[in-house]
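Asks: Pasting in a structure now, in structure tokens, and then I'll have a few things to ask.
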Amino acid sequence: MQSYSESLRLQGKRIAFVPTMGYFHEGHLALMKEAKKMADCVVVSIYVNPTQFGPKEDFSKYPRDLYRDLKMTESTGVDVIFYPPDKEMYPAGYQTYVDVEKVTKNLCGMSRPGHFRGVTTICNKLFNIVKPHVAVFGKKDFQQFVSIKRMVDDLNMDLQITGLPTVREADGLAMSSRNKYLQKNERPSALTLFRSLKLAQKLYSGGEKKSSVIISKVKKLIKKADCTDIDYVKICGTNTLNDVKEIKSQSIIVLAVKVGKTRLIDNHVFGEELKV
């Protein structure tokens, strides 16, 4: 992979990169299609990264289907699928990690300790291997996007990070590989996340700026749904990801909710259009 990328660079070719854990959906394909507009060569990695999963999380059960993924990419114009084995990514004696500090502490960083260290480490490694000029991420995992952008800026990487809006299914559910885990009877409860974001935006548009008021009403709505267990509902600054008491500058509402056994995340930047 490194040799191939270096040969492209020597020819003056531009490389766009989409890092994934596979089990593609339309959100992934949207990232690939956007990447194709930005570069001469699009590289997509498929790697379920063990260091970003906690000991009680779903690493072994995470959906994997390489043949399905390869078929889905045929319409996107992707040039290379990079599919490395664990023994190459984390060889015996491996001991080096990248830890982005402040923006990883809140939100999922509180409930998934060590998760973002795994995310930033694997992205750093993949950037060094693929040598892209631009990397494309979805903003559904907004904290991941902010953390990677922070790492790239802080470490002076010669790399552009581009984020695309969340891609949603027809009923508003944010597309995720983990949606596969949802039982049929849990789907209505999962849709509460999208409805709660719409409620938050409606309150904000109506003049409500106090985070506590918006969060309280959003939690009340989510708790009405069956099979839901709230991990967090928070309103944060989009750059710092610190909690804000009052929405005075650009802010985002971020949710993490377990529906049955499936942990779902979603978010919305206040003032932006919220559409399916």
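We label chains A, B, ... in the order they appear in the structure tokens, count residues from 1 in each chain, and number ligands from 1 in the order shown.
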So that I can check the surroundings of Gly172 of chain A, please list as number ranges by chain every protein, DNA and RNA residue that reaches within 9 Å of it, counting only C-alpha atoms and ignoring chain neighbours fewer than 2 positions away.
Replies: A: 167-170, 174-175, 191, 193-195, 275-276
Asks: Mind writing the picked residues with C-alpha atoms as an mmCIF file, in the first residue's frame?
Replies:
```cif
data_model
loop_
_atom_site.group_PDB
_atom_site.id
_atom_site.type_symbol
_atom_site.label_atom_id
_atom_site.label_comp_id
_atom_site.auth_asym_id
_atom_site.auth_seq_id
_atom_site.Cartn_x
_atom_site.Cartn_y
_atom_site.Cartn_z
ATOM 1 C CA VAL A 167 -26.756 10.239 5.900
ATOM 2 C CA ARG A 168 -30.156 9.066 7.126
ATOM 3 C CA GLU A 169 -32.583 6.359 6.191
ATOM 4 C CA ALA A 170 -36.026 7.345 4.847
ATOM 5 C CA ALA A 174 -28.900 7.787 11.101
ATOM 6 C CA MET A 175 -27.231 5.125 8.964
ATOM 7 C CA LEU A 191 -36.467 6.683 15.687
ATOM 8 C CA LEU A 193 -33.287 9.877 18.486
ATOM 9 C CA PHE A 194 -34.183 11.691 15.265
ATOM 10 C CA ARG A 195 -37.426 13.018 16.744
ATOM 11 C CA LYS A 275 -33.366 16.632 6.989
ATOM 12 C CA VAL A 276 -33.709 13.020 5.913
#
```
Asks: Give me the residues within 8 Å of Ile222 of chain A as a ChimeraX atom specification, counting only C-alpha atoms and dropping any in the same chain fewer than 3 places off.
Replies: /A:192-193,196,218-219,225,228,230
Asks: With the cut-off set at 10 Å and counting only C-alpha atoms, tabulate each residue of segment 129-194 of chain A with an atom at most that distance from an atom of segment 52-72 of chain A, showing the nearest atom pair and its distance in Å to one decimal, ordered by chain and increasing number, as CSV.
Replies:
```
residue,atom,partner,partner_atom,distance
A:Ser177,CA,A:Pro63,CA,7.2
A:Arg178,CA,A:Tyr62,CA,7.7
A:Lys180,CA,A:Pro63,CA,8.1
A:Tyr181,CA,A:Pro63,CA,9.0
```
Asks: Can you tell me, as a ChimeraX atom specification, what residues are no more than 10 Å from Lys258 of chain A when counting only C-alpha atoms, ignoring any on the same chain fewer than 4 positions away?
Replies: /A:189-190,227-232,262-265
Asks: Export N, CA and C atoms of the chosen residues as an mmCIF file, in the first residue's frame?
Replies:
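Wrote selection.cif, looks like this:
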```cif
data_model
loop_
_atom_site.group_PDB
_atom_site.id
_atom_site.type_symbol
_atom_site.label_atom_id
_atom_site.label_comp_id
_atom_site.auth_asym_id
_atom_site.auth_seq_id
_atom_site.Cartn_x
_atom_site.Cartn_y
_atom_site.Cartn_z
ATOM 1 N N SER A 189 -38.523 2.698 18.559
ATOM 2 C CA SER A 189 -37.813 3.344 19.671
ATOM 3 C C SER A 189 -36.542 4.025 19.177
ATOM 4 N N ALA A 190 -35.846 3.405 18.213
ATOM 5 C CA ALA A 190 -34.621 3.994 17.662
ATOM 6 C C ALA A 190 -34.915 5.324 16.968
ATOM 7 N N CYS A 227 -37.719 0.277 25.546
ATOM 8 C CA CYS A 227 -36.383 -0.340 25.375
ATOM 9 C C CYS A 227 -35.250 0.671 25.269
ATOM 10 N N THR A 228 -35.413 1.876 25.786
ATOM 11 C CA THR A 228 -34.345 2.868 25.665
ATOM 12 C C THR A 228 -33.661 3.107 27.013
ATOM 13 N N ASP A 229 -32.359 3.292 26.937
ATOM 14 C CA ASP A 229 -31.556 3.608 28.124
ATOM 15 C C ASP A 229 -30.570 4.698 27.711
ATOM 16 N N ILE A 230 -30.727 5.885 28.276
ATOM 17 C CA ILE A 230 -29.912 7.034 27.867
ATOM 18 C C ILE A 230 -28.514 6.942 28.471
ATOM 19 N N ASP A 231 -27.506 6.994 27.612
ATOM 20 C CA ASP A 231 -26.120 7.117 28.066
ATOM 21 C C ASP A 231 -25.855 8.592 28.359
ATOM 22 N N TYR A 232 -26.081 9.448 27.373
ATOM 23 C CA TYR A 232 -25.974 10.889 27.611
ATOM 24 C C TYR A 232 -26.780 11.668 26.587
ATOM 25 N N THR A 262 -28.480 -2.357 21.566
ATOM 26 C CA THR A 262 -27.743 -1.612 20.541
ATOM 27 C C THR A 262 -27.516 -0.172 20.966
ATOM 28 N N ARG A 263 -26.254 0.243 21.014
ATOM 29 C CA ARG A 263 -25.921 1.618 21.376
ATOM 30 C C ARG A 263 -25.868 2.467 20.115
ATOM 31 N N LEU A 264 -26.723 3.498 20.058
ATOM 32 C CA LEU A 264 -26.806 4.379 18.905
ATOM 33 C C LEU A 264 -26.377 5.785 19.288
ATOM 34 N N ILE A 265 -25.735 6.483 18.346
ATOM 35 C CA ILE A 265 -25.368 7.882 18.560
ATOM 36 C C ILE A 265 -25.953 8.733 17.443
#
```
Asks: Which residue gives the smallest distance to Phe116 of chain A among A:Ile148, A:Lys87, A:Lys139, A:Tyr94, with only C-alpha atoms counted?
Replies: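 Looking only at the distances to Phe116 of chain A, the closest residue turns out to be A:Ile148.
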Asks: Can you tell me how far atom CA of Arg117 of chain A sits from atom CA of Gln95 of chain A, in Å to one decimal?
Replies: 12.4 Å
Asks: Just checking: using only C-alpha atoms, which residue out of A:Val42, A:Leu107, A:Val136, A:Leu10 ends up closest to Ile253 of chain A?
Replies: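 Answer, going by the shortest atom-to-atom distance: A:Leu107.
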Asks: When distances are computed from only C-alpha atoms, which of A:Leu241, A:Leu274, A:Leu29, A:Leu182 shows the smallest separation from Ala200 of chain A?
Replies: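 The shortest atom-to-atom distance to Ala200 of chain A comes from A:Leu274.
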Asks: From the options A:Gln201, A:Thr104, A:Asn156, A:Ser45, which residue's atoms come nearest to Val78 of chain A, counting only C-alpha atoms?
Replies: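 Ranking A:Gln201, A:Thr104, A:Asn156, A:Ser45 by distance to Val78 of chain A, first place goes to A:Ser45.
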Asks: As a PyMOL selection string, list the residues of segment 99-161 of chain A assigned to strand (DSSP E) by DSSP on the backbone atoms of this structure.
Replies: chain A and resi 134-138+160-161
Asks: How about saving the chosen residues, C-alpha atoms kept, as a PDB file, in the first residue's frame?
Replies:
```pdb
ATOM      1  CA  VAL A 134      -7.400  14.272   1.811  1.00  0.00           C
ATOM      2  CA  ALA A 135      -9.361  11.975   4.146  1.00  0.00           C
ATOM      3  CA  VAL A 136     -13.156  11.950   4.231  1.00  0.00           C
ATOM      4  CA  PHE A 137     -15.238  11.232   7.359  1.00  0.00           C
ATOM      5  CA  GLY A 138     -18.921  11.317   8.214  1.00  0.00           C
ATOM      6  CA  GLN A 160      -6.901  17.794   4.598  1.00  0.00           C
ATOM      7  CA  ILE A 161      -9.743  16.374   6.723  1.00  0.00           C
TER       8      ILE A 161
END
```
Asks: Under the rule that only C-alpha atoms are counted, which of A:Val119, A:Val257, A:Ile215, A:Leu199 is the nearest residue to Asp243 of chain A?
Replies: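 Nearest candidate to Asp243 of chain A out of A:Val119, A:Val257, A:Ile215, A:Leu199: A:Ile215.
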